[in-house]
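Coordinates from model.csv are shown below (CSV, C-alpha atoms).
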```csv
chain,number,residue,atom,x,y,z
Z,1,MET,CA,6.2,-12.9,-0.3
Z,2,LYS,CA,3.2,-14.6,-1.8
Z,3,LEU,CA,2.3,-14.2,-5.5
Z,4,GLY,CA,-1.4,-14.2,-6.5
Z,5,LEU,CA,-4.0,-13.2,-9.0
Z,6,ALA,CA,-6.4,-10.3,-9.2
Z,7,VAL,CA,-9.2,-9.8,-11.7
Z,8,TYR,CA,-9.1,-6.2,-12.7
Z,9,GLY,CA,-6.2,-6.4,-15.1
Z,10,THR,CA,-8.0,-9.0,-17.2
Z,11,THR,CA,-11.6,-7.8,-17.2
Z,12,PHE,CA,-12.6,-9.1,-20.7
Z,13,MET,CA,-10.8,-12.4,-20.2
Z,14,MET,CA,-12.7,-12.9,-16.9
Z,15,GLY,CA,-16.0,-11.5,-18.0
Z,16,ILE,CA,-16.3,-8.6,-15.6
Z,17,HIS,CA,-16.0,-5.7,-18.0
Z,18,PRO,CA,-19.4,-4.2,-18.8
Z,19,GLN,CA,-18.8,-4.8,-22.5
Z,20,ALA,CA,-17.7,-8.4,-22.1
Z,21,LYS,CA,-20.2,-11.0,-23.3
Z,22,ARG,CA,-18.5,-14.1,-21.8
Z,23,PRO,CA,-19.8,-15.4,-18.4
Z,24,ARG,CA,-18.3,-13.7,-15.4
Z,25,ILE,CA,-15.7,-15.8,-13.6
Z,26,LYS,CA,-16.7,-17.3,-10.2
Z,27,ALA,CA,-14.6,-17.1,-7.1
Z,28,SER,CA,-14.0,-20.9,-7.1
Z,29,GLU,CA,-12.9,-20.7,-10.8
Z,30,LEU,CA,-10.5,-17.9,-10.0
Z,31,LEU,CA,-9.0,-19.9,-7.1
Z,32,ASP,CA,-8.6,-22.9,-9.4
Z,33,GLN,CA,-7.0,-20.7,-12.1
Z,34,ALA,CA,-4.5,-19.4,-9.5
Z,35,ALA,CA,-3.6,-23.0,-8.6
Z,36,GLN,CA,-3.2,-24.0,-12.2
Z,37,TYR,CA,-0.8,-21.1,-12.7
Z,38,GLY,CA,1.2,-22.1,-9.6
Z,39,LEU,CA,0.2,-19.0,-7.6
Z,40,GLN,CA,-0.5,-18.7,-3.9
Z,41,GLY,CA,-3.7,-16.7,-3.6
Z,42,ILE,CA,-6.4,-14.5,-5.2
Z,43,GLU,CA,-7.9,-11.0,-4.7
Z,44,LEU,CA,-11.6,-10.8,-5.5
Z,45,PRO,CA,-14.6,-8.5,-5.2
Z,46,LEU,CA,-17.5,-9.9,-3.2
Z,47,SER,CA,-19.7,-10.0,-6.3
Z,48,LEU,CA,-17.7,-13.0,-7.5
Z,49,LEU,CA,-19.1,-14.9,-4.5
Z,50,GLU,CA,-22.7,-14.7,-5.7
Z,51,GLY,CA,-24.1,-18.3,-6.0
Z,52,GLU,CA,-21.0,-19.7,-4.5
Z,53,ASP,CA,-20.4,-21.7,-1.3
Z,54,ALA,CA,-18.3,-19.3,0.6
Z,55,ALA,CA,-17.5,-21.8,3.3
Z,56,SER,CA,-16.2,-24.3,0.7
Z,57,LEU,CA,-14.1,-21.6,-0.9
Z,58,ALA,CA,-12.5,-20.7,2.4
Z,59,ARG,CA,-11.8,-24.4,3.2
Z,60,THR,CA,-10.2,-24.9,-0.3
Z,61,ALA,CA,-8.0,-21.8,0.1
Z,62,GLN,CA,-6.9,-22.8,3.5
Z,63,ALA,CA,-6.1,-26.4,2.4
Z,64,ARG,CA,-4.0,-25.1,-0.4
Z,65,GLY,CA,-2.3,-22.4,1.7
Z,66,HIS,CA,-3.7,-19.7,-0.6
Z,67,TYR,CA,-4.3,-16.2,0.6
Z,68,LEU,CA,-7.7,-14.4,0.0
Z,69,VAL,CA,-7.9,-10.6,-0.3
Z,70,ILE,CA,-11.3,-8.9,-0.6
Z,71,ALA,CA,-11.4,-6.0,-3.1
Z,72,SER,CA,-13.8,-3.4,-1.8
Z,73,GLY,CA,-14.0,0.4,-2.5
Z,74,GLY,CA,-14.8,3.8,-1.1
Z,75,TYR,CA,-14.5,5.2,2.4
Z,76,ASP,CA,-18.1,4.9,3.6
Z,77,PRO,CA,-17.7,2.8,6.8
Z,78,GLN,CA,-20.9,0.8,6.4
Z,79,PRO,CA,-20.1,-1.0,3.1
Z,80,LEU,CA,-16.5,-1.4,4.3
Z,81,LYS,CA,-17.8,-3.1,7.5
Z,82,HIS,CA,-19.8,-5.5,5.4
Z,83,ALA,CA,-16.7,-6.3,3.4
Z,84,ILE,CA,-14.7,-6.7,6.6
Z,85,GLU,CA,-17.3,-9.1,8.1
Z,86,ALA,CA,-17.3,-11.1,4.9
Z,87,ALA,CA,-13.5,-11.3,4.9
Z,88,ALA,CA,-13.5,-12.5,8.5
Z,89,ARG,CA,-15.9,-15.3,7.6
Z,90,LEU,CA,-13.7,-16.3,4.6
Z,91,GLY,CA,-10.5,-16.2,6.5
Z,92,ALA,CA,-9.3,-13.3,4.3
Z,93,LYS,CA,-6.7,-11.2,6.2
Z,94,VAL,CA,-6.9,-8.0,4.1
Z,95,VAL,CA,-9.7,-5.9,2.7
Z,96,ARG,CA,-8.4,-3.4,0.1
Z,97,THR,CA,-10.2,-0.2,-0.7
Z,98,VAL,CA,-9.8,2.9,-2.8
Z,99,VAL,CA,-11.1,6.4,-2.0
Z,100,GLY,CA,-11.3,8.1,-5.5
Z,101,GLY,CA,-11.9,11.8,-5.7
Z,102,ALA,CA,-9.3,12.3,-8.4
Z,103,ASP,CA,-9.6,11.3,-12.0
Z,104,PHE,CA,-7.2,8.7,-13.3
Z,105,GLY,CA,-3.7,10.1,-14.0
Z,106,GLY,CA,-3.7,11.8,-10.6
Z,107,ASP,CA,-5.9,14.6,-11.9
Z,108,ARG,CA,-7.6,16.5,-9.1
Z,109,ARG,CA,-8.8,19.5,-11.1
Z,110,ARG,CA,-12.5,18.7,-10.8
Z,111,MET,CA,-12.0,18.7,-7.0
Z,112,ALA,CA,-10.3,22.2,-7.0
Z,113,GLY,CA,-10.7,23.9,-3.7
Z,114,ARG,CA,-12.5,20.9,-2.1
Z,115,TRP,CA,-9.6,18.4,-1.7
Z,116,HIS,CA,-8.9,19.3,1.9
Z,117,ASP,CA,-12.5,18.8,3.0
Z,118,PHE,CA,-12.6,15.5,1.0
Z,119,MET,CA,-9.6,14.2,2.8
Z,120,GLN,CA,-11.2,15.0,6.2
Z,121,GLU,CA,-14.2,12.9,5.1
Z,122,VAL,CA,-11.9,10.1,4.0
Z,123,LEU,CA,-10.1,10.2,7.4
Z,124,ALA,CA,-13.4,9.9,9.3
Z,125,GLY,CA,-14.8,7.1,7.2
Z,126,LEU,CA,-11.6,5.0,7.1
Z,127,GLY,CA,-11.0,5.6,10.8
Z,128,GLU,CA,-14.4,4.1,11.7
Z,129,ALA,CA,-13.9,1.2,9.4
Z,130,ALA,CA,-10.4,0.6,10.8
Z,131,ARG,CA,-11.9,0.2,14.3
Z,132,ALA,CA,-14.3,-2.5,12.9
Z,133,ALA,CA,-11.3,-4.2,11.2
Z,134,GLU,CA,-9.5,-4.3,14.5
Z,135,GLN,CA,-12.4,-6.1,16.2
Z,136,ALA,CA,-12.7,-8.5,13.3
Z,137,GLY,CA,-9.1,-9.4,13.2
Z,138,VAL,CA,-8.8,-8.1,9.6
Z,139,THR,CA,-6.6,-5.5,8.0
Z,140,LEU,CA,-8.1,-2.6,6.0
Z,141,ALA,CA,-5.6,-1.4,3.4
Z,142,VAL,CA,-6.2,1.7,1.3
Z,143,GLU,CA,-4.7,1.7,-2.2
Z,144,ASN,CA,-2.8,4.4,-4.0
Z,145,HIS,CA,-5.4,4.3,-6.8
Z,146,GLN,CA,-4.0,7.2,-8.9
Z,147,ASP,CA,-5.6,9.4,-6.3
Z,148,LEU,CA,-3.7,9.7,-3.1
Z,149,ALA,CA,0.0,10.7,-2.9
Z,150,SER,CA,2.5,9.2,-0.5
Z,151,GLU,CA,2.2,12.1,1.9
Z,152,GLU,CA,-1.5,11.7,2.2
Z,153,LEU,CA,-1.4,7.9,2.6
Z,154,ILE,CA,1.2,8.3,5.4
Z,155,TRP,CA,-1.0,11.0,7.0
Z,156,LEU,CA,-4.0,8.7,7.0
Z,157,CYS,CA,-2.0,5.9,8.6
Z,158,GLU,CA,-0.6,8.1,11.3
Z,159,GLU,CA,-3.9,9.8,12.1
Z,160,ILE,CA,-5.8,6.5,12.3
Z,161,GLY,CA,-3.0,4.9,14.2
Z,162,SER,CA,-4.4,1.4,14.0
Z,163,PRO,CA,-2.3,-1.8,13.5
Z,164,SER,CA,-5.3,-3.0,11.4
Z,165,PHE,CA,-5.0,-0.2,8.9
Z,166,GLY,CA,-2.4,0.4,6.3
Z,167,ILE,CA,-1.6,0.6,2.6
Z,168,THR,CA,-2.1,-1.5,-0.6
Z,169,LEU,CA,0.8,-0.4,-2.8
Z,170,ASP,CA,0.0,-0.4,-6.5
Z,171,THR,CA,3.6,-0.5,-7.9
Z,172,GLY,CA,2.7,1.4,-11.1
Z,173,ASN,CA,0.4,4.1,-9.7
Z,174,PRO,CA,3.0,6.3,-8.0
Z,175,LEU,CA,3.8,7.6,-11.5
Z,176,ALA,CA,0.2,9.0,-11.7
Z,177,THR,CA,0.9,11.2,-8.6
Z,178,ALA,CA,4.2,12.3,-10.0
Z,179,GLU,CA,6.3,10.0,-7.8
Z,180,GLU,CA,9.0,7.4,-8.6
Z,181,PRO,CA,7.8,3.9,-7.7
Z,182,VAL,CA,10.7,2.7,-5.6
Z,183,GLU,CA,11.1,5.9,-3.6
Z,184,PHE,CA,7.3,5.8,-3.0
Z,185,ALA,CA,7.5,2.3,-1.7
Z,186,LYS,CA,10.3,3.3,0.7
Z,187,ARG,CA,8.2,6.1,2.1
Z,188,ILE,CA,5.1,4.1,2.7
Z,189,GLY,CA,7.0,0.9,3.7
Z,190,PRO,CA,6.3,1.0,7.4
Z,191,HIS,CA,2.5,0.9,6.6
Z,192,LEU,CA,2.6,-1.7,3.8
Z,193,LYS,CA,0.0,-4.4,4.1
Z,194,HIS,CA,-0.7,-5.7,0.5
Z,195,VAL,CA,0.7,-5.1,-3.0
Z,196,HIS,CA,-0.7,-4.8,-6.6
Z,197,LEU,CA,2.0,-5.7,-9.1
Z,198,LYS,CA,1.6,-3.4,-12.1
Z,199,ASP,CA,3.9,-2.0,-14.7
Z,200,TYR,CA,3.6,0.8,-17.3
Z,201,TRP,CA,5.1,1.9,-20.5
Z,202,ILE,CA,5.6,5.7,-20.5
Z,203,TYR,CA,4.9,7.9,-23.5
Z,204,LEU,CA,5.7,11.6,-23.3
Z,205,SER,CA,3.1,14.1,-24.2
Z,206,ASP,CA,2.9,17.9,-24.5
Z,207,GLU,CA,1.1,18.0,-21.1
Z,208,GLY,CA,3.2,15.4,-19.3
Z,209,TYR,CA,3.2,11.7,-20.0
Z,210,ARG,CA,0.8,8.7,-20.6
Z,211,LEU,CA,0.9,5.5,-18.7
Z,212,VAL,CA,0.1,2.5,-20.9
Z,213,ARG,CA,-0.3,-1.0,-19.6
Z,214,CYS,CA,2.3,-3.6,-20.4
Z,215,PRO,CA,3.4,-7.0,-19.1
Z,216,LEU,CA,5.2,-7.0,-15.8
Z,217,GLY,CA,8.9,-6.5,-16.2
Z,218,GLN,CA,8.7,-4.8,-19.6
Z,219,GLY,CA,8.0,-1.3,-18.4
Z,220,ALA,CA,9.4,1.4,-16.1
Z,221,VAL,CA,9.0,-0.3,-12.7
Z,222,ASP,CA,12.1,-1.8,-11.1
Z,223,PHE,CA,10.6,-4.9,-9.4
Z,224,SER,CA,13.9,-6.2,-8.0
Z,225,ALA,CA,14.4,-3.0,-6.1
Z,226,LEU,CA,10.8,-3.1,-4.9
Z,227,PHE,CA,11.2,-6.6,-3.6
Z,228,ASP,CA,14.2,-5.4,-1.6
Z,229,VAL,CA,11.9,-2.8,0.0
Z,230,PHE,CA,9.2,-5.4,0.7
Z,231,ALA,CA,11.7,-7.7,2.3
Z,232,VAL,CA,12.6,-5.0,4.8
Z,233,PHE,CA,9.1,-3.8,5.8
Z,234,CYS,CA,6.7,-6.7,5.1
Z,235,PRO,CA,8.5,-9.9,4.0
Z,236,GLU,CA,5.3,-12.0,4.1
Z,237,VAL,CA,3.3,-9.6,2.0
Z,238,SER,CA,0.7,-10.9,-0.5
Z,239,MET,CA,1.2,-9.6,-4.0
Z,240,SER,CA,-1.6,-9.7,-6.5
Z,241,MET,CA,-0.8,-9.4,-10.2
Z,242,GLU,CA,-3.0,-6.6,-11.6
Z,243,LEU,CA,-2.2,-5.4,-15.0
Z,244,GLY,CA,-3.1,-1.8,-15.9
Z,245,ALA,CA,-6.4,-0.6,-17.3
Z,246,LEU,CA,-7.3,-0.9,-21.0
Z,247,GLU,CA,-7.2,2.9,-21.3
Z,248,ALA,CA,-4.0,4.9,-21.0
Z,249,ARG,CA,-3.7,7.2,-18.0
Z,250,HIS,CA,-2.6,10.7,-18.9
Z,251,THR,CA,-0.6,12.4,-16.1
Z,252,ARG,CA,-0.6,16.1,-16.9
Z,253,VAL,CA,2.3,17.2,-14.6
Z,254,LEU,CA,3.2,20.1,-17.0
Z,255,CYS,CA,-0.1,21.8,-16.6
Z,256,ASP,CA,0.0,24.5,-13.9
Z,257,ASP,CA,-3.4,23.7,-12.5
Z,258,TYR,CA,-2.5,20.0,-12.1
Z,259,TRP,CA,-0.6,20.9,-8.9
Z,260,ARG,CA,-3.1,23.1,-7.1
Z,261,ASP,CA,-4.4,20.6,-4.5
Z,262,TYR,CA,-1.2,18.5,-4.2
Z,263,PRO,CA,1.0,18.4,-1.2
Z,264,PRO,CA,4.0,20.8,-1.5
Z,265,ARG,CA,6.8,19.3,-3.6
Z,266,SER,CA,10.3,20.6,-4.0
Z,267,ALA,CA,11.9,21.5,-7.3
Z,268,SER,CA,14.4,18.7,-6.7
Z,269,GLN,CA,11.6,16.1,-6.2
Z,270,LEU,CA,10.0,17.2,-9.5
Z,271,ALA,CA,13.3,17.2,-11.3
Z,272,LYS,CA,14.1,13.7,-10.1
Z,273,LEU,CA,10.7,12.4,-11.3
Z,274,LEU,CA,11.0,14.1,-14.7
Z,275,ARG,CA,14.5,12.6,-15.2
Z,276,PHE,CA,13.1,9.2,-14.4
Z,277,VAL,CA,10.2,9.6,-16.8
Z,278,GLN,CA,12.5,10.9,-19.6
Z,279,ALA,CA,14.9,8.0,-19.1
Z,280,GLU,CA,12.1,5.4,-19.2
Z,281,ALA,CA,10.0,6.9,-22.0
Z,282,ARG,CA,9.5,4.9,-25.1
Z,283,PRO,CA,9.9,6.3,-28.6
Z,284,ALA,CA,6.9,8.2,-29.9
Z,285,GLY,CA,4.3,5.9,-31.5
Z,286,ASP,CA,0.8,4.4,-31.4
Z,287,TRP,CA,0.4,3.7,-27.6
Z,288,ARG,CA,-3.3,2.6,-27.9
Z,289,THR,CA,-4.4,-0.8,-26.6
Z,290,PRO,CA,-6.6,-3.1,-28.7
Z,291,TYR,CA,-9.5,-1.9,-26.6
Z,292,GLU,CA,-8.8,1.8,-27.5
Z,293,LYS,CA,-8.6,0.7,-31.1
Z,294,ARG,CA,-12.1,-0.8,-30.8
Z,295,ALA,CA,-10.8,-4.3,-31.5
Z,296,PRO,CA,-13.3,-7.2,-31.2
Z,297,GLU,CA,-13.9,-8.6,-27.7
Z,298,GLU,CA,-12.0,-11.8,-28.4
Z,299,ASP,CA,-8.9,-9.9,-29.6
Z,300,VAL,CA,-9.0,-7.8,-26.4
Z,301,ALA,CA,-9.3,-10.9,-24.2
Z,302,ALA,CA,-6.5,-12.6,-26.1
Z,303,TYR,CA,-4.3,-9.5,-25.6
Z,304,GLU,CA,-5.0,-9.6,-21.9
Z,305,GLN,CA,-4.2,-13.3,-21.7
Z,306,ARG,CA,-0.8,-12.8,-23.5
Z,307,GLN,CA,0.2,-10.1,-21.1
Z,308,LEU,CA,-0.9,-12.1,-18.1
Z,309,LEU,CA,1.1,-15.1,-19.1
Z,310,SER,CA,4.1,-13.0,-19.9
Z,311,SER,CA,3.8,-11.3,-16.5
Z,312,LEU,CA,3.4,-14.6,-14.8
Z,313,ALA,CA,6.5,-16.1,-16.4
Z,314,TYR,CA,8.5,-13.0,-15.5
Z,315,MET,CA,7.4,-12.8,-11.9
Z,316,GLN,CA,7.9,-16.5,-11.2
Z,317,HIS,CA,11.4,-16.5,-12.7
Z,318,THR,CA,12.3,-13.3,-10.8
Z,319,LEU,CA,11.1,-14.6,-7.4
Z,320,GLN,CA,12.8,-18.0,-8.0
Z,321,GLU,CA,16.1,-16.3,-8.8
Z,322,ARG,CA,15.7,-14.1,-5.7
Z,323,SER,CA,15.1,-17.2,-3.5
Z,324,ARG,CA,18.1,-18.9,-5.0
Z,325,ALA,CA,20.3,-15.9,-4.4
Z,326,ILE,CA,19.2,-15.7,-0.8
Z,327,ARG,CA,19.8,-19.4,-0.2
Z,328,GLN,CA,23.4,-19.0,-1.5
Z,329,THR,CA,24.1,-16.3,1.0
Z,330,LEU,CA,23.0,-18.4,4.0
```
What is this file in structure tokens?
Amino acid sequence: MKLGLAVYGTTFMMGIHPQAKRPRIKASELLDQAAQYGLQGIELPLSLLEGEDAASLARTAQARGHYLVIASGGYDPQPLKHAIEAAARLGAKVVRTVVGGADFGGDRRRMAGRWHDFMQEVLAGLGEAARAAEQAGVTLAVENHQDLASEELIWLCEEIGSPSFGITLDTGNPLATAEEPVEFAKRIGPHLKHVHLKDYWIYLSDEGYRLVRCPLGQGAVDFSALFDVFAVFCPEVSMSMELGALEARHTRVLCDDYWRDYPPRSASQLAKLLRFVQAEARPAGDWRTPYEKRAPEEDVAAYEQRQLLSSLAYMQHTLQERSRAIRQTL
């Protein structure tokens, strides 16, 4: 398993948030930052390559043994083919995408009655892009971006049936589709290609629960159990640290119309999820981030950096301890 850095959990710090006034980080700077942190790779949108020498970036990453992942989006095959071609030139093995449709928090209500047709469009678009990925020697990996449930991700993988298509697992996002993270990982494990490391604090609400960003290792996600799953299905997987968004994600599982377009779930599945949520929920209190409290930009960026450094220390320690334990058993 390789630990790396993504940009979307530190959008003010890296100058990519629309309200950020600091210069946007460049791809080469992100790669250097990863090296300074002792990491093994980066995940970046193609926009960070503007004005950069892509060939030089690729050579530097290869010389350092760092992975590159391209962060793309959507299911339109034409932009995805462009990202796939760019990835092939850079030596990036994975292009990650998201399909959307649902609002954050797994909320499909604005798509009521249209979700089935939407998924057929997603299947057609990703299927065509996956064939291009095969030809380019690149893997296309669709993320559980608080939109697709495990049943739908597995369906896409089985229908497309390509070794160059699979899943980017965001470790916190299963909670937004009312699924427990470790069980989610086990279900999608055979199709795992890439990982976003994310954790959440859980706050109960009258309609369900809120997911609030936190440093890795301080929230509800059991990373040690997840690493056991990764070791079985994809032991060399690249894992990009991507802290949660600056706005809490409200998952309204107690609203009747939340479930209309979801795959069928049993009462026992829901009960297990609700027991997990209640066990992990934090005491009632002010869950808002500095961004939600309208703090100055510098305060938000400093908050992001504190959480990133705390996450980095936790992950490096956890992976070191895991490696030491494995060596002792050999």
Non-local contacts of Z:Ala313 (12 Å; all atoms listed in the file; under 2 positions in same chain excluded) as a list in words: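 So, after excluding close chain neighbours, the residues are Leu3, Tyr37, Gly38, Leu39, Pro215, Leu216, Gly217, Gln218, Met241, Arg306, Gln307, Leu308, Leu309, Ser310, Ser311, Met315, Gln316, His317, Thr318, Leu319 and Gln320 of chain Z.
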Closest atom pairs, stretch 82-171 of chain Z residues within 9 Å of stretch 56-65 of chain Z, all atoms listed in the file, as CSV:
```
residue,atom,partner,partner_atom,distance
Z:Arg89,CA,Z:Ala58,CA,8.2
Z:Leu90,CA,Z:Ala58,CA,5.1
Z:Gly91,CA,Z:Ala58,CA,6.4
Z:Ala92,CA,Z:Ala58,CA,8.3
```
For Z:Pro296, the nearest of the candidates Z:Arg265, Z:His66, Z:Lys21, Z:His191, counting all atoms listed in the file: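 Looking at the shortest contact to Z:Pro296, the residue is Z:Lys21.
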Polymer residues at most 10 Å from Z:Val237, only C-alpha atoms, same-chain spacing of 5 or more positions, as a PyMOL selection string: chain Z and resi 1-3+192-195+230-231
Distance in Å - atom CA of Z:Val69 versus atom CA of Z:Gly106: 25.0 Å
Exercise: Z:Cys157 partners within 10 Å, only C-alpha atoms, chain neighbours under 6 positions left out, as a PyMOL selection string: chain Z and resi 123+126-127+141-142+163-167+188+190-191
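The residue that comes closest to Z:Phe104, out of Z:Pro283, Z:Pro45, Z:Pro174, Z:Gly137 and on the basis of all atoms listed in the file, is Z:Pro174.
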Could you write stretch 229-245 of chain Z as a PDB file, in the frame of the given file, with N, CA and C atoms rebuilt where they are missing?
```
ATOM      1  N   VAL Z 229      12.674  -3.656  -0.941  1.00  0.00           N
ATOM      2  CA  VAL Z 229      11.900  -2.800   0.000  1.00  0.00           C
ATOM      3  C   VAL Z 229      10.901  -3.666   0.762  1.00  0.00           C
ATOM      4  N   PHE Z 230      10.188  -4.515   0.052  1.00  0.00           N
ATOM      5  CA  PHE Z 230       9.200  -5.400   0.700  1.00  0.00           C
ATOM      6  C   PHE Z 230       9.832  -6.281   1.740  1.00  0.00           C
ATOM      7  N   ALA Z 231      11.007  -6.795   1.420  1.00  0.00           N
ATOM      8  CA  ALA Z 231      11.700  -7.700   2.300  1.00  0.00           C
ATOM      9  C   ALA Z 231      12.030  -7.035   3.657  1.00  0.00           C
ATOM     10  N   VAL Z 232      12.263  -5.752   3.614  1.00  0.00           N
ATOM     11  CA  VAL Z 232      12.600  -5.000   4.800  1.00  0.00           C
ATOM     12  C   VAL Z 232      11.332  -4.749   5.659  1.00  0.00           C
ATOM     13  N   PHE Z 233      10.277  -4.296   5.019  1.00  0.00           N
ATOM     14  CA  PHE Z 233       9.100  -3.800   5.800  1.00  0.00           C
ATOM     15  C   PHE Z 233       8.010  -4.847   5.936  1.00  0.00           C
ATOM     16  N   CYS Z 234       7.862  -5.766   4.977  1.00  0.00           N
ATOM     17  CA  CYS Z 234       6.700  -6.700   5.100  1.00  0.00           C
ATOM     18  C   CYS Z 234       7.090  -7.972   4.258  1.00  0.00           C
ATOM     19  N   PRO Z 235       8.001  -8.788   4.784  1.00  0.00           N
ATOM     20  CA  PRO Z 235       8.500  -9.900   4.000  1.00  0.00           C
ATOM     21  C   PRO Z 235       7.501 -10.972   3.626  1.00  0.00           C
ATOM     22  N   GLU Z 236       6.383 -11.047   4.365  1.00  0.00           N
ATOM     23  CA  GLU Z 236       5.300 -12.000   4.100  1.00  0.00           C
ATOM     24  C   GLU Z 236       4.191 -11.436   3.263  1.00  0.00           C
ATOM     25  N   VAL Z 237       4.393 -10.283   2.653  1.00  0.00           N
ATOM     26  CA  VAL Z 237       3.300  -9.600   2.000  1.00  0.00           C
ATOM     27  C   VAL Z 237       2.707 -10.376   0.849  1.00  0.00           C
ATOM     28  N   SER Z 238       1.382 -10.268   0.686  1.00  0.00           N
ATOM     29  CA  SER Z 238       0.700 -10.900  -0.500  1.00  0.00           C
ATOM     30  C   SER Z 238       0.754  -9.887  -1.626  1.00  0.00           C
ATOM     31  N   MET Z 239       1.051 -10.393  -2.829  1.00  0.00           N
ATOM     32  CA  MET Z 239       1.200  -9.600  -4.000  1.00  0.00           C
ATOM     33  C   MET Z 239       0.325 -10.076  -5.128  1.00  0.00           C
ATOM     34  N   SER Z 240      -0.685  -9.312  -5.474  1.00  0.00           N
ATOM     35  CA  SER Z 240      -1.600  -9.700  -6.500  1.00  0.00           C
ATOM     36  C   SER Z 240      -1.238  -9.086  -7.846  1.00  0.00           C
ATOM     37  N   MET Z 241      -1.057  -9.908  -8.874  1.00  0.00           N
ATOM     38  CA  MET Z 241      -0.800  -9.400 -10.200  1.00  0.00           C
ATOM     39  C   MET Z 241      -2.028  -8.690 -10.741  1.00  0.00           C
ATOM     40  N   GLU Z 242      -1.913  -7.408 -11.064  1.00  0.00           N
ATOM     41  CA  GLU Z 242      -3.000  -6.600 -11.600  1.00  0.00           C
ATOM     42  C   GLU Z 242      -2.539  -5.730 -12.687  1.00  0.00           C
ATOM     43  N   LEU Z 243      -2.654  -6.182 -13.924  1.00  0.00           N
ATOM     44  CA  LEU Z 243      -2.200  -5.400 -15.000  1.00  0.00           C
ATOM     45  C   LEU Z 243      -2.993  -4.090 -15.133  1.00  0.00           C
ATOM     46  N   GLY Z 244      -2.442  -3.112 -15.831  1.00  0.00           N
ATOM     47  CA  GLY Z 244      -3.100  -1.800 -15.900  1.00  0.00           C
ATOM     48  C   GLY Z 244      -4.408  -1.860 -16.678  1.00  0.00           C
ATOM     49  N   ALA Z 245      -5.112  -0.738 -16.619  1.00  0.00           N
ATOM     50  CA  ALA Z 245      -6.400  -0.600 -17.300  1.00  0.00           C
ATOM     51  C   ALA Z 245      -6.210  -0.637 -18.811  1.00  0.00           C
TER      52      ALA Z 245
END
```
